[in-house]
Amino acid sequence: MTADRRSFIKLAGAGALVLSTRKLGAGEKVPFPDLEQLRREHAQAGIVSPGRTYRAMEWEFHTPPEQTFDIDLKGAIEASRNAGAESLMFYTQDHWGYAFYPTDAAVRHPNLKFDLFGTECELARKAGIAVTSYYSLQFNNQCAIHHPDWAWTNEDGSEQRFYGKWHVLCLDSPYRQYVLAMMDEIFSRYQVDELFLDIFGIQFAMYARNGINPFCFCKYTEEAWAKEFPGDPYREGFKARDGWERRFRWYQRRSMTSMLDEIIAVARKHRPNLLVSLNGGPESFPDDIMQRVSFIYAEPLDCPTGIALGSILMRGWARPNYQAGVFTDYGYSEMYPGDLARVQANALIVQNARTFFVGDAPVLSGIDGQGFSNRWFAVATDAWADVKNVDCLLGPGLKPLLSTAVLSSEGTRRELEAGKRPQDFRRSTLGALETMTFAGRPVESLPDFKLQPEVLSLFEVVVLPEVSVLSAAQAETIRQWVHAGGTLVASYRCGLLDEEHRQRKNFAMADVFGVDYAGEETAYAFEANGKQREGNAVSTYLESAGHPLAERIAQGTVGLPGPFVKMKETTAQTVMRYRLPLLAEDVPHNKWVGWGPIPPGPGTAGTAVAFNRFGKGQSVYIGAPIFWAMEWRAEWIQAWIPWLIRKLVPRPLAELRTSPPSEFVHGSFFHDVEKDLILVQVLDAVQLATKGEMRPTPDVEITLDAVRLRVTAACMVWPKTRDLEVARDGRRVRIVLEKPDRYTALYLKVG
């Protein structure tokens, strides 16, 4: 009895909970949701919270000093509502540093003669639309111009400016009190549902993306450090790694965590239920930031194949109501080909992310003779053409089916930050999410704070993409999971650092990999000065060792950039071997070959990919940074990794395949536990790659494990309504969509 109960609970956690097993009578219809009725109920619900709507719109409004305010605000609100907007974001302070309301604390726009923000709030509420207050936190040209000592200062004394135009303010300066005074004004005077902080932690976001030095060297920052750490000179400490990292965490705490706490305290003093959101996501911000806010918003971390990778990353972080953006410049400078914004919006809802529509200044004095762009609002209308018909099906009650987990390692991110290679974390994590999505199985991002046995037991495959930092406890959790039957894929310096970032002599899971660490080869990837080469220059080749798992790329060699790890087999089977380049490029000594990669030579360096059986489970260890290399779109990686996953786990919980194969067709599976239904969404994003060209979507086959998910019926609910045939093939349930539309939503009945 106990064993049966445990099995039931495990299946329920994996998305297979069955609430009713009643058989339908002859001619009885499955009670699938009535989409039209749900839409009517949604439309009659009144103002929708910005934390719940899938249709939020920003009126970007960075207004230079010469600009006037000849705007038909009532008409713009009406255009927003007609487009489908349920939440509107209005500016209180823009990048120029201008306030758009009567202020005693800040700089009001010189040509503004009325309360713009207040008028917008009033009109939106009358139209049944929620209000979000936009605030530009660290871009403020006015304050930097009039108070140059408040500006973020580089180490050489120059002022830091982004994108060649925006002045950046230091939050150690008196600007901090300036911000808090504005928060007090805004939220004591206006009925606002949400505060949206833009340009929050900008120095850390730019460091993560571009490696720009994140530190300010103004007098205020140096004085703050000296007060907290007397006798430890601020500038001197950057020379040593531990000093650099200590200052990084300190500056992060002061300018992000503490600043956020102070803003929230002032705002919620007046609006206790205020939602607080940030522009940014887990690839830039530490977890303690994200745990403080109502939800996070990420600019699109998409890819050429149209997968909303940022949305997957945010969903795994277990933060509610995450949003992602659809950006467009189709209001002024470009024609609008092939409903591109619509495809982008659909890519977000496929991952159950709320869509956020923004473009270049859609509301601006004199535009189209009315102060707002007709074309921009037309694009918004098209972007939400599917969203506003299916968002009543979405929401926090949906639980994703779990098959493949990609670990997002906070420890590894910190290691790469301290090693001055912060971009590598984003490359590896997003590269793994994309390649795993190509395999057609449900993919989830798994932050390492959720790496617990009960969570891990819900997954079939776990991927550690260049995860260098693993604690002993984390390694043991993964070891036990593999031993119990899990499939692990790991790469590069996996677990060679402990939780204190100390070097281990061997992999933390050497027994799971079936190989021992035997050093690292950098000669082919590093320049003479010891710096790693950037870009996709090949520094090692891989060739098949005759193993079945290398069959997909058995002909010739394939190349990878970056250093690689050498290993010695203990219990593992060799899948691929390293084939070394003909020589290590050394330009100062005139050693190179032609224009392209140096071809493979006769030398080898042992095992490159190892397969090992461990207990009831299995692992594949790849000694090179294969997921990091996905940024350069290697075709063989895009083909081999999904093929490998299908070979390792041939009967997954759920899978989506196309015939003929297409990397642009992807989907998701969400379990609606209350209704005992599975919502499947399928998107063909080929228009993004072809700049609007319409092509027929290939046939889509959806298969599920008939034991774990007892699917009894299927029904397409959008863009058409029709029953679908459910076929049983051994242990697999199969549903076929013949050349579906670009976006399709369907339900599967479980029971």
# chains A, B, ... in the order shown; residues from 1 in each chain; ligands from 1
call {"tool": "closest_atom_pairs", "arguments": {"of": "region 295-316 of chain A", "to": "region 257-277 of chain A", "cutoff": "7 Å", "atoms": "only C-alpha atoms", "output": "CSV"}}
result
residue,atom,partner,partner_atom,distance
A:Phe295,CA,A:Ser277,CA,5.2
A:Ile296,CA,A:Ser277,CA,5.3
A:Tyr297,CA,A:Ser277,CA,6.9
call {"tool": "write_last_selection", "arguments": {"atoms": "N, CA, C and O atoms", "output": "short mmCIF file (atom, residue, chain, number, x, y, z; two decimals), in the first residue's frame"}}
result
data_model
loop_
_atom_site.label_atom_id
_atom_site.label_comp_id
_atom_site.auth_asym_id
_atom_site.auth_seq_id
_atom_site.Cartn_x
_atom_site.Cartn_y
_atom_site.Cartn_z
N PHE A 295 7.13 40.64 -9.17
CA PHE A 295 7.48 39.83 -10.33
C PHE A 295 8.59 40.53 -11.10
O PHE A 295 8.96 41.67 -10.81
N ILE A 296 9.18 39.81 -12.01
CA ILE A 296 10.30 40.32 -12.78
C ILE A 296 9.92 40.39 -14.25
O ILE A 296 9.03 39.69 -14.73
N TYR A 297 10.60 41.27 -14.92
CA TYR A 297 10.37 41.46 -16.34
C TYR A 297 11.72 41.34 -17.03
O TYR A 297 12.71 41.90 -16.56
#
call {"tool": "closest_residue", "arguments": {"among": "A:Asp672, A:Glu434, A:Glu283, A:Glu194", "to": "Pro304 (chain A)", "atoms": "only C-alpha atoms"}}
result
A:Glu434
call {"tool": "select_by_dssp", "arguments": {"residues": "region 334-520 of chain A", "states": "helix (DSSP H, G or I)", "output": "PyMOL selection string"}}
result
chain A and resi 340-350+367-369+374-383+387-393+410-418+423-438+448-450+453-456+472-483+510-513
call {"tool": "closest_atom_pairs", "arguments": {"of": "region 414-509 of chain A", "to": "region 616-638 of chain A", "cutoff": "6 Å", "atoms": "only C-alpha atoms", "output": "tab-separated table"}}
result
residue	atom	partner	partner_atom	distance
A:Arg427	CA	A:Trp628	CA	4.9
A:Ser428	CA	A:Trp628	CA	3.9
A:Gly431	CA	A:Phe627	CA	4.9
A:Ala432	CA	A:Phe627	CA	5.3
A:Thr435	CA	A:Gln638	CA	6.0
A:Val482	CA	A:Gly617	CA	4.8
A:His483	CA	A:Gly617	CA	5.2
A:Ala484	CA	A:Lys616	CA	5.4
A:Gly485	CA	A:Gly617	CA	3.8
A:Gly486	CA	A:Gly617	CA	4.8
A:Thr487	CA	A:Gln618	CA	5.0
A:Leu488	CA	A:Ser619	CA	4.5
A:Val489	CA	A:Val620	CA	4.9
A:Ala490	CA	A:Tyr621	CA	4.9
A:Ser491	CA	A:Ile622	CA	4.5
A:Tyr492	CA	A:Gly623	CA	4.5
call {"tool": "atom_distance", "arguments": {"atom1": "CA of Leu73 (chain A)", "atom2": "CA of Lys113 (chain A)"}}
result
14.6 Å
call {"tool": "residues_around", "arguments": {"residues": "region 214-221 of chain A", "least_positions_apart": "4", "cutoff": "6 Å", "atoms": "only C-alpha atoms", "output": "MDAnalysis selection string"}}
result
chainID A and resid 152:155 172:173 203:204 207
call {"tool": "closest_residue", "arguments": {"among": "A:Thr132, A:Gln93, A:Ser158, A:Gln177", "to": "Ile199 (chain A)", "atoms": "only C-alpha atoms"}}
result
A:Gln93
call {"tool": "decode", "arguments": {"residues": "region 217-236 of chain A", "atoms": "N, CA, C and O atoms", "output": "compact mmCIF listing (two decimals), in the first residue's frame"}}
result
# COMPACT_ATOMS: atom_id res chain seq x y z
N PHE A 217 33.74 54.88 -8.88
CA PHE A 217 34.90 55.39 -8.15
C PHE A 217 34.72 56.85 -7.75
O PHE A 217 35.69 57.57 -7.59
N CYS A 218 33.46 57.26 -7.58
CA CYS A 218 33.20 58.63 -7.14
C CYS A 218 33.54 58.76 -5.66
O CYS A 218 33.71 57.76 -4.94
N LYS A 219 33.59 59.99 -5.19
CA LYS A 219 33.99 60.23 -3.80
C LYS A 219 32.98 59.64 -2.81
O LYS A 219 33.35 59.19 -1.71
N TYR A 220 31.71 59.61 -3.20
CA TYR A 220 30.69 59.10 -2.28
C TYR A 220 30.84 57.59 -2.06
O TYR A 220 30.68 57.10 -0.93
N THR A 221 31.14 56.87 -3.12
CA THR A 221 31.33 55.42 -2.98
C THR A 221 32.58 55.13 -2.17
O THR A 221 32.59 54.26 -1.29
N GLU A 222 33.65 55.84 -2.45
CA GLU A 222 34.89 55.61 -1.71
C GLU A 222 34.71 55.95 -0.23
O GLU A 222 35.23 55.25 0.64
N GLU A 223 33.96 57.01 0.06
CA GLU A 223 33.71 57.39 1.45
C GLU A 223 32.84 56.34 2.15
O GLU A 223 33.07 56.02 3.32
N ALA A 224 31.84 55.81 1.44
CA ALA A 224 30.97 54.78 2.03
C ALA A 224 31.76 53.52 2.36
O ALA A 224 31.56 52.89 3.41
N TRP A 225 32.68 53.14 1.45
CA TRP A 225 33.52 51.97 1.70
C TRP A 225 34.43 52.21 2.90
O TRP A 225 34.55 51.35 3.79
N ALA A 226 35.07 53.37 2.95
CA ALA A 226 36.00 53.68 4.04
C ALA A 226 35.30 53.69 5.39
O ALA A 226 35.87 53.27 6.41
N LYS A 227 34.04 54.13 5.39
CA LYS A 227 33.28 54.16 6.64
C LYS A 227 32.97 52.75 7.12
O LYS A 227 33.02 52.46 8.32
N GLU A 228 32.68 51.86 6.20
CA GLU A 228 32.32 50.50 6.57
C GLU A 228 33.54 49.60 6.76
O GLU A 228 33.51 48.66 7.55
N PHE A 229 34.62 49.89 6.01
CA PHE A 229 35.84 49.06 6.08
C PHE A 229 37.06 49.95 6.29
O PHE A 229 37.89 50.11 5.39
N PRO A 230 37.19 50.57 7.44
CA PRO A 230 38.34 51.46 7.68
C PRO A 230 39.66 50.69 7.60
O PRO A 230 39.75 49.54 8.04
N GLY A 231 40.64 51.31 7.00
CA GLY A 231 41.96 50.68 6.88
C GLY A 231 42.11 49.76 5.68
O GLY A 231 43.18 49.17 5.48
N ASP A 232 41.05 49.62 4.86
CA ASP A 232 41.10 48.78 3.66
C ASP A 232 40.84 49.68 2.45
O ASP A 232 39.69 49.86 2.05
N PRO A 233 41.88 50.28 1.86
CA PRO A 233 41.68 51.26 0.78
C PRO A 233 40.86 50.67 -0.37
O PRO A 233 41.13 49.56 -0.85
N TYR A 234 39.85 51.43 -0.80
CA TYR A 234 38.90 50.96 -1.81
C TYR A 234 39.61 50.55 -3.11
O TYR A 234 39.44 49.43 -3.59
N ARG A 235 40.42 51.43 -3.66
CA ARG A 235 41.04 51.16 -4.96
C ARG A 235 42.08 50.06 -4.89
O ARG A 235 42.21 49.26 -5.81
N GLU A 236 42.83 50.00 -3.80
CA GLU A 236 43.90 49.00 -3.69
C GLU A 236 43.35 47.58 -3.68
O GLU A 236 43.98 46.65 -4.18
